[in-house]
>>> print(open('structure_13.cif').read())   # mmCIF, C-alpha atoms
data_run
#
loop_
_atom_site.label_atom_id
_atom_site.label_comp_id
_atom_site.auth_asym_id
_atom_site.auth_seq_id
_atom_site.Cartn_x
_atom_site.Cartn_y
_atom_site.Cartn_z
CA MET A 1 -18.15 13.86 58.63
CA ARG A 2 -15.72 13.93 61.57
CA GLY A 3 -16.33 10.17 62.09
CA VAL A 4 -15.25 9.53 58.53
CA SER A 5 -12.24 11.82 58.45
CA LEU A 6 -10.36 10.09 61.30
CA PRO A 7 -10.38 6.58 59.73
CA LEU A 8 -9.40 8.17 56.40
CA LYS A 9 -6.46 10.01 57.98
CA ILE A 10 -5.26 6.84 59.69
CA ALA A 11 -5.68 4.91 56.40
CA LEU A 12 -3.55 7.50 54.57
CA ARG A 13 -0.93 7.17 57.30
CA TYR A 14 -0.89 3.37 57.00
CA LEU A 15 -0.65 3.64 53.22
CA THR A 16 2.31 6.04 53.12
CA ALA A 17 4.20 5.06 56.25
CA PRO A 18 7.03 2.46 56.03
CA LYS A 19 5.92 -1.05 57.00
CA SER A 20 7.68 -2.93 59.76
CA HIS A 21 8.15 -5.88 57.42
CA ARG A 22 9.71 -5.23 54.03
CA ALA A 23 7.73 -8.07 52.51
CA VAL A 24 4.48 -6.27 53.30
CA SER A 25 5.78 -3.08 51.64
CA ALA A 26 6.90 -5.00 48.57
CA ILE A 27 3.61 -6.85 48.25
CA SER A 28 1.69 -3.58 48.67
CA ILE A 29 3.65 -2.04 45.80
CA ILE A 30 3.13 -5.15 43.70
CA SER A 31 -0.62 -4.97 44.35
CA VAL A 32 -0.81 -1.38 43.16
CA VAL A 33 1.35 -2.18 40.13
CA GLY A 34 -0.81 -5.21 39.30
CA VAL A 35 -3.99 -3.14 39.25
CA ALA A 36 -2.24 -0.39 37.27
CA VAL A 37 -0.83 -2.76 34.64
CA ALA A 38 -4.16 -4.56 34.15
CA THR A 39 -6.03 -1.24 33.84
CA ALA A 40 -3.48 0.18 31.40
CA ALA A 41 -3.64 -3.01 29.33
CA ILE A 42 -7.42 -2.70 29.01
CA ILE A 43 -7.16 0.91 27.80
CA ILE A 44 -4.41 0.10 25.29
CA VAL A 45 -6.08 -3.00 23.85
CA LEU A 46 -9.47 -1.30 23.49
CA SER A 47 -7.76 1.65 21.78
CA VAL A 48 -6.03 -0.70 19.33
CA PHE A 49 -9.37 -2.28 18.44
CA ASN A 50 -10.79 1.22 17.94
CA GLY A 51 -7.88 1.97 15.61
CA PHE A 52 -8.48 -1.13 13.51
CA ARG A 53 -12.20 -0.36 13.37
CA HIS A 54 -11.50 3.22 12.27
CA ASN A 55 -9.14 2.02 9.52
CA LEU A 56 -11.68 -0.58 8.44
CA ASN A 57 -14.29 2.15 8.16
CA LEU A 58 -11.96 4.30 6.04
CA ARG A 59 -11.18 1.45 3.67
CA LEU A 60 -14.81 0.46 3.27
CA ASP A 61 -15.57 4.00 2.09
CA ASN A 62 -13.90 3.24 -1.25
CA LEU A 63 -16.54 0.94 -2.75
CA ILE A 64 -19.48 1.37 -0.38
CA ALA A 65 -22.26 3.80 -1.28
CA ASP A 66 -23.80 6.06 1.35
CA ILE A 67 -27.17 4.27 1.05
CA SER A 68 -28.11 0.97 -0.60
CA VAL A 69 -31.69 0.01 -1.48
CA MET A 70 -32.42 -3.69 -2.08
CA PRO A 71 -35.62 -5.72 -2.60
CA SER A 72 -37.14 -7.38 0.43
CA TYR A 73 -38.47 -10.25 -1.66
CA GLY A 74 -36.96 -11.79 -4.74
CA LYS A 75 -33.71 -10.91 -6.44
CA THR A 76 -34.46 -7.76 -8.41
CA ILE A 77 -36.20 -4.40 -8.25
CA ALA A 78 -38.66 -3.94 -11.11
CA ASN A 79 -38.33 -0.61 -12.93
CA GLY A 80 -34.97 0.04 -11.30
CA ASP A 81 -34.20 2.95 -13.63
CA SER A 82 -37.42 4.83 -12.88
CA LEU A 83 -37.10 4.27 -9.15
CA SER A 84 -33.53 5.64 -9.28
CA GLU A 85 -34.79 8.76 -11.03
CA LYS A 86 -37.48 9.25 -8.37
CA LEU A 87 -34.99 8.79 -5.54
CA GLU A 88 -32.63 11.28 -7.15
CA MET A 89 -35.35 13.92 -6.77
CA PHE A 90 -35.11 13.73 -2.96
CA PRO A 91 -33.41 16.89 -1.65
CA GLU A 92 -31.07 14.86 0.60
CA ILE A 93 -29.93 12.60 -2.27
CA GLU A 94 -27.33 13.86 -4.71
CA LEU A 95 -27.04 10.81 -6.98
CA ALA A 96 -28.95 7.54 -7.48
CA MET A 97 -27.79 4.64 -9.61
CA PRO A 98 -29.27 1.20 -10.45
CA VAL A 99 -26.92 -1.76 -10.02
CA VAL A 100 -27.06 -5.27 -11.51
CA SER A 101 -24.85 -7.76 -9.67
CA ASP A 102 -24.73 -11.54 -10.04
CA ASN A 103 -22.39 -14.50 -10.35
CA ALA A 104 -20.69 -15.36 -13.64
CA LEU A 105 -17.78 -17.35 -15.04
CA ALA A 106 -14.73 -15.49 -16.38
CA ILE A 107 -12.28 -17.05 -18.84
CA ALA A 108 -8.99 -15.58 -20.07
CA GLY A 109 -6.84 -17.83 -22.21
CA GLN A 110 -6.63 -21.20 -20.50
CA LYS A 111 -7.62 -19.90 -17.08
CA GLU A 112 -11.09 -19.55 -15.63
CA MET A 113 -12.73 -18.61 -12.35
CA PRO A 114 -16.14 -17.73 -10.87
CA VAL A 115 -16.56 -13.98 -10.43
CA ARG A 116 -19.03 -11.48 -9.07
CA LEU A 117 -19.99 -9.24 -11.98
CA LYS A 118 -21.25 -5.83 -10.93
CA GLY A 119 -22.86 -3.64 -13.58
CA VAL A 120 -23.01 0.08 -12.83
CA ASN A 121 -23.33 3.47 -14.45
CA ILE A 122 -19.61 4.19 -14.72
CA PRO A 123 -19.68 8.03 -14.50
CA LYS A 124 -22.02 7.96 -11.49
CA TYR A 125 -20.17 5.07 -9.85
CA SER A 126 -16.93 7.05 -9.75
CA GLN A 127 -18.85 9.82 -7.97
CA ILE A 128 -20.89 7.65 -5.61
CA THR A 129 -17.82 5.65 -4.52
CA SER A 130 -14.11 6.40 -4.29
CA ILE A 131 -12.97 3.76 -6.75
CA ASP A 132 -10.53 6.20 -8.35
CA SER A 133 -8.50 6.21 -5.14
CA ILE A 134 -7.95 2.43 -5.17
CA LEU A 135 -7.04 1.97 -8.83
CA LEU A 136 -3.50 0.69 -9.21
CA ASP A 137 -3.11 3.00 -12.21
CA PRO A 138 -5.18 6.13 -11.59
CA GLY A 139 -6.82 7.55 -14.67
CA LEU A 140 -7.48 4.24 -16.39
CA PHE A 141 -11.14 4.48 -15.40
CA ALA A 142 -11.57 7.59 -17.51
CA ASP A 143 -12.52 7.56 -21.22
CA TYR A 144 -14.04 4.11 -21.04
CA SER A 145 -15.96 2.39 -23.80
CA GLY A 146 -19.07 0.25 -23.39
CA ASN A 147 -17.27 -3.05 -22.82
CA ASP A 148 -14.42 -1.77 -20.62
CA ALA A 149 -14.26 -3.14 -17.09
CA SER A 150 -12.27 -2.75 -13.90
CA ILE A 151 -11.14 -5.99 -12.27
CA SER A 152 -9.95 -6.68 -8.74
CA VAL A 153 -6.39 -7.82 -8.02
CA GLY A 154 -7.68 -11.30 -7.21
CA VAL A 155 -9.22 -11.66 -10.66
CA ALA A 156 -6.06 -10.28 -12.28
CA ASN A 157 -3.88 -12.79 -10.43
CA ARG A 158 -6.13 -15.81 -11.02
CA LEU A 159 -6.62 -15.10 -14.73
CA GLY A 160 -3.15 -13.72 -15.35
CA VAL A 161 -4.55 -10.50 -16.78
CA TYR A 162 -2.45 -7.43 -15.99
CA THR A 163 -2.33 -5.32 -19.15
CA PRO A 164 -5.09 -2.85 -20.07
CA GLY A 165 -6.97 -3.92 -23.15
CA GLU A 166 -6.74 -7.65 -22.53
CA ASN A 167 -9.88 -9.61 -23.28
CA ILE A 168 -11.96 -11.61 -20.76
CA LEU A 169 -14.91 -13.79 -21.74
CA VAL A 170 -17.78 -13.77 -19.26
CA PHE A 171 -20.42 -16.53 -19.17
CA ALA A 172 -23.76 -16.62 -17.34
CA PRO A 173 -26.49 -19.31 -17.44
CA ARG A 174 -29.77 -18.44 -19.12
CA ARG A 175 -32.44 -17.63 -16.56
CA GLU A 176 -35.21 -19.05 -18.71
CA GLY A 177 -35.62 -22.19 -20.82
CA LYS A 178 -34.39 -25.74 -20.50
CA VAL A 179 -30.83 -27.01 -20.50
CA ASN A 180 -29.89 -28.57 -23.84
CA LEU A 181 -27.89 -31.65 -22.87
CA ALA A 182 -26.77 -32.16 -26.46
CA ASN A 183 -25.29 -28.66 -26.55
CA PRO A 184 -24.74 -27.38 -22.97
CA ALA A 185 -22.96 -24.28 -24.25
CA ALA A 186 -26.27 -23.09 -25.71
CA SER A 187 -27.60 -22.78 -22.16
CA PHE A 188 -25.13 -19.99 -21.43
CA LEU A 189 -24.91 -16.41 -22.57
CA THR A 190 -21.49 -14.93 -23.17
CA ASP A 191 -20.03 -11.50 -23.62
CA SER A 192 -16.57 -10.06 -23.98
CA ILE A 193 -15.11 -7.35 -21.75
CA PHE A 194 -11.79 -5.56 -21.90
CA VAL A 195 -9.62 -4.78 -18.89
CA LYS A 196 -9.45 -1.03 -18.41
CA SER A 197 -8.05 -0.92 -14.87
CA ILE A 198 -7.22 -3.00 -11.79
CA PHE A 199 -8.33 -2.02 -8.29
CA GLN A 200 -7.37 -3.13 -4.79
CA SER A 201 -9.77 -2.34 -1.96
CA LEU A 202 -7.83 -4.31 0.72
CA GLN A 203 -11.05 -6.20 1.51
CA SER A 204 -10.65 -9.91 0.76
CA GLU A 205 -14.31 -10.50 -0.14
CA THR A 206 -14.14 -7.71 -2.74
CA ASP A 207 -10.59 -8.18 -4.03
CA GLU A 208 -11.01 -11.91 -4.49
CA ASN A 209 -13.44 -12.09 -7.42
CA THR A 210 -15.06 -8.75 -8.38
CA ILE A 211 -15.43 -7.32 -11.87
CA ILE A 212 -17.04 -3.90 -12.34
CA CYS A 213 -18.48 -3.21 -15.78
CA ASP A 214 -21.11 -1.09 -17.49
CA ILE A 215 -24.68 -1.93 -16.46
CA THR A 216 -25.66 -2.51 -20.09
CA VAL A 217 -23.20 -5.40 -20.34
CA ALA A 218 -24.50 -6.95 -17.11
CA ARG A 219 -28.15 -6.61 -18.18
CA ASP A 220 -27.49 -8.19 -21.56
CA LEU A 221 -25.63 -11.06 -19.92
CA PHE A 222 -28.24 -11.73 -17.22
CA LEU A 223 -31.24 -11.00 -19.48
CA TYR A 224 -32.56 -7.97 -17.58
CA ASP A 225 -34.37 -5.01 -19.13
CA ASP A 226 -34.66 -2.18 -16.62
CA GLU A 227 -34.49 -4.34 -13.47
CA ALA A 228 -31.83 -3.76 -10.83
CA THR A 229 -30.56 -5.96 -8.02
CA SER A 230 -29.98 -2.82 -5.92
CA ILE A 231 -29.90 0.96 -6.09
CA GLU A 232 -26.94 2.85 -4.69
CA LEU A 233 -27.28 6.42 -3.47
CA LYS A 234 -24.94 9.27 -2.68
CA ALA A 235 -26.22 11.59 0.03
CA ALA A 236 -26.10 15.33 -0.38
CA PRO A 237 -23.30 17.13 1.51
CA GLY A 238 -24.15 17.46 5.20
CA ALA A 239 -26.97 14.92 5.13
CA ASP A 240 -27.39 12.62 8.13
CA LEU A 241 -27.14 9.08 6.73
CA THR A 242 -29.02 7.44 9.59
CA ARG A 243 -31.91 9.87 9.34
CA LEU A 244 -31.91 9.64 5.54
CA ALA A 245 -32.05 5.83 5.68
CA ASN A 246 -34.96 5.97 8.16
CA ASN A 247 -36.85 8.42 5.93
CA LEU A 248 -36.35 6.20 2.89
CA ARG A 249 -37.63 3.16 4.82
CA LYS A 250 -40.83 5.06 5.58
CA GLN A 251 -41.21 6.31 2.00
CA LEU A 252 -40.43 3.02 0.24
CA GLY A 253 -42.29 0.71 2.63
CA SER A 254 -41.73 -2.92 3.46
CA ASP A 255 -40.97 -3.96 -0.13
CA PHE A 256 -37.43 -2.60 0.16
CA ILE A 257 -34.46 -2.95 2.50
CA VAL A 258 -32.56 0.29 3.08
CA LYS A 259 -29.07 0.21 4.58
CA ASP A 260 -26.67 3.04 5.32
CA ARG A 261 -22.90 2.70 5.01
CA LEU A 262 -22.31 1.00 8.36
CA GLU A 263 -25.28 -1.33 8.02
CA GLN A 264 -23.95 -2.59 4.69
CA GLN A 265 -20.83 -3.82 6.48
CA GLN A 266 -22.54 -4.84 9.71
CA ILE A 267 -20.92 -8.29 9.80
CA ASN A 268 -17.38 -6.90 9.63
CA PHE A 269 -17.98 -4.29 12.30
CA ARG A 270 -19.84 -6.76 14.49
CA MET A 271 -16.87 -9.12 14.33
CA VAL A 272 -14.49 -6.38 15.45
CA ALA A 273 -16.88 -5.38 18.25
CA VAL A 274 -17.24 -8.97 19.47
CA GLU A 275 -13.47 -9.47 19.51
CA LYS A 276 -13.04 -6.16 21.32
CA TRP A 277 -15.45 -6.94 24.14
CA ILE A 278 -14.33 -10.54 24.54
CA THR A 279 -10.80 -9.21 25.00
CA PHE A 280 -12.17 -6.66 27.47
CA LEU A 281 -13.76 -9.45 29.53
CA LEU A 282 -10.53 -11.47 29.51
CA LEU A 283 -8.49 -8.49 30.69
CA THR A 284 -11.13 -7.68 33.29
CA PHE A 285 -10.76 -11.25 34.56
CA ILE A 286 -7.00 -10.61 34.88
CA LEU A 287 -7.83 -7.45 36.82
CA VAL A 288 -10.04 -9.51 39.14
CA ILE A 289 -7.16 -11.95 39.72
CA ALA A 290 -4.91 -8.99 40.53
CA SER A 291 -7.49 -7.92 43.11
CA PHE A 292 -7.02 -11.26 44.93
CA ASN A 293 -3.42 -10.24 45.54
CA LEU A 294 -4.74 -6.91 46.77
CA ILE A 295 -7.03 -8.60 49.31
CA SER A 296 -4.19 -10.76 50.61
CA THR A 297 -1.98 -7.67 50.93
CA LEU A 298 -4.58 -5.84 52.97
CA SER A 299 -5.09 -8.91 55.14
CA MET A 300 -1.36 -8.98 55.85
CA LEU A 301 -1.48 -5.28 56.68
CA VAL A 302 -4.29 -5.89 59.17
CA VAL A 303 -2.21 -8.61 60.86
CA GLU A 304 0.86 -6.37 60.89
CA LYS A 305 -1.10 -3.53 62.54
CA GLU A 306 -2.69 -5.82 65.13
CA ILE A 307 -0.88 -4.09 68.01
CA SER A 308 -2.01 -0.73 66.67
CA LEU A 309 -5.56 -2.01 66.55
CA VAL A 310 -5.45 -2.85 70.26
CA THR A 311 -4.09 0.63 71.00
CA LEU A 312 -6.78 2.29 68.91
CA SER A 313 -9.54 0.29 70.58
CA ARG A 314 -8.26 1.19 74.05
CA LEU A 315 -8.23 4.84 73.01
CA GLY A 316 -11.97 4.52 72.36
CA LEU A 317 -12.09 3.76 68.66
CA SER A 318 -14.99 1.43 67.94
CA VAL A 319 -14.68 -1.83 66.02
CA LYS A 320 -16.72 -0.31 63.22
CA LYS A 321 -14.33 2.62 62.83
CA ILE A 322 -11.36 0.28 62.86
CA GLY A 323 -13.02 -1.58 60.00
CA ASN A 324 -13.52 1.74 58.22
CA ILE A 325 -9.78 2.40 58.41
CA PHE A 326 -8.95 -0.64 56.32
CA GLN A 327 -11.99 -0.05 54.13
CA TRP A 328 -10.51 3.31 53.20
CA GLU A 329 -7.08 1.70 52.85
CA SER A 330 -8.46 -0.81 50.35
CA LEU A 331 -10.23 1.89 48.37
CA LEU A 332 -7.13 4.07 48.28
CA VAL A 333 -4.92 1.24 47.03
CA THR A 334 -7.40 0.23 44.33
CA LEU A 335 -8.01 3.79 43.15
CA THR A 336 -4.28 4.55 43.17
CA GLY A 337 -3.56 1.56 40.98
CA GLY A 338 -6.57 2.25 38.75
CA ILE A 339 -5.79 5.95 38.26
CA ILE A 340 -2.12 5.25 37.54
CA GLY A 341 -3.17 2.56 35.05
CA LEU A 342 -5.64 4.88 33.33
CA ILE A 343 -3.03 7.63 33.00
CA ILE A 344 -0.36 5.25 31.66
CA GLY A 345 -2.80 3.57 29.25
CA ILE A 346 -4.10 6.89 27.90
CA LEU A 347 -0.62 8.38 27.50
CA LEU A 348 0.80 5.32 25.71
CA SER A 349 -2.25 5.09 23.46
CA LEU A 350 -2.09 8.78 22.55
CA LEU A 351 1.65 8.54 21.82
CA GLN A 352 1.06 5.55 19.52
CA GLU A 353 -1.92 7.25 17.90
CA HIS A 354 0.00 10.40 17.00
CA PHE A 355 3.56 9.12 16.52
CA GLY A 356 3.22 5.39 15.72
CA PHE A 357 6.29 4.16 17.61
CA ILE A 358 5.33 0.45 17.45
CA LYS A 359 5.51 -0.75 13.85
CA LEU A 360 3.77 -3.68 12.20
CA ALA A 361 6.01 -6.57 11.16
CA GLY A 362 6.47 -7.16 7.44
CA ASP A 363 7.78 -5.53 4.31
CA PRO A 364 7.02 -1.78 4.57
CA GLU A 365 6.48 -1.57 0.81
CA MET A 366 3.73 -4.20 1.01
CA LEU A 367 1.96 -2.68 4.01
CA THR A 368 -0.67 0.02 3.81
CA ILE A 369 -0.51 0.56 7.58
CA HIS A 370 2.99 0.72 9.00
CA ALA A 371 2.20 1.19 12.69
CA TYR A 372 -0.41 -0.34 14.98
CA PRO A 373 -3.53 1.83 14.57
CA VAL A 374 -4.74 3.30 17.86
CA ARG A 375 -7.71 5.51 18.59
CA VAL A 376 -8.56 6.63 22.13
CA GLU A 377 -12.29 6.90 22.87
CA TRP A 378 -13.43 8.42 26.13
CA MET A 379 -16.34 6.01 26.44
CA ASP A 380 -13.82 3.16 26.74
CA ILE A 381 -12.14 5.01 29.60
CA LEU A 382 -15.45 5.26 31.43
CA ILE A 383 -16.22 1.60 30.78
CA THR A 384 -12.75 0.58 32.04
CA SER A 385 -13.33 2.58 35.21
CA VAL A 386 -16.42 0.49 36.05
CA PRO A 387 -14.64 -2.81 36.93
CA VAL A 388 -11.94 -0.86 38.80
CA ILE A 389 -14.59 0.84 40.95
CA VAL A 390 -16.53 -2.40 41.47
CA ILE A 391 -13.36 -4.26 42.51
CA GLY A 392 -12.52 -1.39 44.85
CA LEU A 393 -15.94 -1.58 46.52
CA VAL A 394 -15.78 -5.38 46.88
CA THR A 395 -12.28 -5.32 48.40
CA CYS A 396 -13.44 -2.51 50.69
CA ARG A 397 -16.15 -4.67 52.20
CA ILE A 398 -13.88 -7.70 52.53
CA SER A 399 -11.20 -5.62 54.26
CA TYR A 400 -13.82 -4.00 56.46
CA TYR A 401 -15.19 -7.28 57.83
CA PHE A 402 -11.76 -8.88 58.16
CA ALA A 403 -10.44 -5.90 60.15
CA LYS A 404 -13.55 -5.87 62.37
CA ASN A 405 -13.22 -9.55 63.19
CA ARG A 406 -9.50 -9.21 63.81
CA ALA A 407 -10.09 -6.23 66.08
CA ARG A 408 -12.63 -8.19 68.17
CA THR A 409 -10.25 -11.12 68.68
CA SER A 410 -7.41 -8.76 69.62
CA TYR A 411 -9.20 -7.30 72.65
#
>>> encode(input="structure_13.cif", output="structure tokens")
Amino acid sequence: MRGVSLPLKIALRYLTAPKSHRAVSAISIISVVGVAVATAAIIIVLSVFNGFRHNLNLRLDNLIADISVMPSYGKTIANGDSLSEKLEMFPEIELAMPVVSDNALAIAGQKEMPVRLKGVNIPKYSQITSIDSILLDPGLFADYSGNDASISVGVANRLGVYTPGENILVFAPRREGKVNLANPAASFLTDSIFVKSIFQSLQSETDENTIICDITVARDLFLYDDEATSIELKAAPGADLTRLANNLRKQLGSDFIVKDRLEQQQINFRMVAVEKWITFLLLTFILVIASFNLISTLSMLVVEKEISLVTLSRLGLSVKKIGNIFQWESLLVTLTGGIIGLIIGILLSLLQEHFGFIKLAGDPEMLTIHAYPVRVEWMDILITSVPVIVIGLVTCRISYYFAKNRARTSY
């Protein structure tokens, strides 16, 4: 221990003492600042991605059920109503609802567009999801009649339908029979729905072309009896969704695909995760470049202390211990920059998370998020510490061998 403490004390002295050349002092400070800035940038950027992911998760809660059950083969689940009733008997399931969803053509006046028609049990749907919270006119979803529907803002804009009660014609091709070329219209089924409300989920794939109607309308249009394209479930309060999904997979077998809330939006979350870690690698690369400046600084310090190295060697300090001095020096510089960067990054992220000083550009009335979302996660801090420690160890060894070789040539 005594052999280690002496090189460490000398390294602390070299680190804090004024340098004989101002350039060396300036470059040393720049090296520490470079490591600190790169480390702080990693923490801040990862926290911003966490914030966007958290907000994405909150928004997806509006129209995403806790659990979704879909067929593994084919397009529909036979006896969807009876299976929903059986699933609703599970103690961890509060509500179960069959869903019929398929593509259709919507026409209003002279305008038309392809839409995704989703037939649901309206009373249960408002309990399984949070659609009431994203209606542009809350309350319009109540007291519905059989042919009332809720349309997304994209459908409203494309068809020019904004007033409750307006009529939309919906067409779907017959699933059975041959196309009558003499009368192509006979190959389509049509129904009429009335706009009851308009919703905005802030998800482009949903807001672009979705119409939510009663399941009876969808089944009549697509010629289904009691089939369902999926079954949506609401878990009982306190239920673990992951465990519930795993239990349902075991109970239902390989004929069904069971997805919890996050798995239903796996593509969106995977995209955010990929962007996050690619950015992390790019910033880590910048941190590595900053470490090159650190190595050059320590090399200059070794050259500056060359006379001191001769003195130390004549006083009996071995070449190995002289190398340990600059090994400790390198570690101290790297850790100082890394710790300062971590503290700055965490403090700035927490300030933005709680106070939102940095605002998003744009019209505040059109924005649902006014400040950059930030969320500090301690796992990211640990992950950020890994490259800092690795860079510190690598620079330690480089400084160690450079100082040893310089000490030998100085004798």
>>> resolve_selection(input="structure_13.cif", expression="the PyMOL selection byres ((chain A and resi 246-261) around 9)", output="PyMOL selection string")
chain A and resi 60-61+64-73+77+87+241-245+262-266
>>> residues_around(input="structure_13.cif", residues="Gly345 (chain A)", least_positions_apart="3", cutoff="12 Å", atoms="all atoms listed in the file", output="number ranges by chain")
A: 36-48, 337-342, 348-353, 374-377, 380-381, 384
>>> atom_distance(input="structure_13.cif", atom1="CA of Ile193 (chain A)", atom2="CA of Val170 (chain A)")
7.4 Å
>>> atom_distance(input="structure_13.cif", atom1="CA of Gly392 (chain A)", atom2="CA of Ile30 (chain A)")
16.1 Å
>>> residues_around(input="structure_13.cif", residues="Ala273 (chain A)", least_positions_apart="2", cutoff="12 Å", atoms="all atoms listed in the file", output="list in words")
Leu46, Val48, Phe49, Asn50, Gly51, Phe52, Arg53, His54, Gln266, Ile267, Asn268, Phe269, Arg270, Met271, Glu275, Lys276, Trp277, Ile278, Thr279 and Phe280 of chain A
>>> resolve_selection(input="structure_13.cif", expression="the PyMOL selection byres ((chain A and resi 107) around 10)", output="ChimeraX atom specification")
/A:105-106,108-115,159,167-171,192
>>> resolve_selection(input="structure_13.cif", expression="the PyMOL selection byres ((chain A and resi 331) around 10)", output="CSV table (one decimal) with C-alpha atoms, in the frame of the given file")
chain,number,residue,atom,x,y,z
A,11,ALA,CA,-5.7,4.9,56.4
A,326,PHE,CA,-9.0,-0.6,56.3
A,327,GLN,CA,-12.0,0.0,54.1
A,328,TRP,CA,-10.5,3.3,53.2
A,329,GLU,CA,-7.1,1.7,52.8
A,330,SER,CA,-8.5,-0.8,50.4
A,332,LEU,CA,-7.1,4.1,48.3
A,333,VAL,CA,-4.9,1.2,47.0
A,334,THR,CA,-7.4,0.2,44.3
A,335,LEU,CA,-8.0,3.8,43.2
A,336,THR,CA,-4.3,4.6,43.2
A,337,GLY,CA,-3.6,1.6,41.0
A,389,ILE,CA,-14.6,0.8,41.0
A,391,ILE,CA,-13.4,-4.3,42.5
A,392,GLY,CA,-12.5,-1.4,44.8
A,393,LEU,CA,-15.9,-1.6,46.5
A,394,VAL,CA,-15.8,-5.4,46.9
A,395,THR,CA,-12.3,-5.3,48.4
A,396,CYS,CA,-13.4,-2.5,50.7
A,397,ARG,CA,-16.2,-4.7,52.2
A,399,SER,CA,-11.2,-5.6,54.3
>>> closest_residue(input="structure_13.cif", among="A:Val35, A:Ile29, A:Ile369, A:Val99", to="Leu287 (chain A)", atoms="all atoms listed in the file")
A:Val35
>>> closest_residue(input="structure_13.cif", among="A:Ile322, A:Ile128, A:Val33, A:Ile151", to="Glu94 (chain A)", atoms="all atoms listed in the file")
A:Ile128
>>> closest_residue(input="structure_13.cif", among="A:Gly154, A:Gly80, A:Gly165, A:Pro173", to="Asp226 (chain A)", atoms="all atoms listed in the file")
A:Gly80
>>> atom_distance(input="structure_13.cif", atom1="CA of Lys118 (chain A)", atom2="CA of Cys213 (chain A)")
6.2 Å
>>> closest_residue(input="structure_13.cif", among="A:Ala228, A:Leu63, A:Ile325, A:Ala156", to="Val100 (chain A)", atoms="all atoms listed in the file")
A:Ala228
>>> closest_residue(input="structure_13.cif", among="A:Thr190, A:Asn209, A:Ser197, A:Ser145", to="Tyr162 (chain A)", atoms="all atoms listed in the file")
A:Ser197
>>> closest_residue(input="structure_13.cif", among="A:Pro373, A:Ser318, A:Arg158, A:Ile344", to="Phe357 (chain A)", atoms="only C-alpha atoms")
A:Pro373
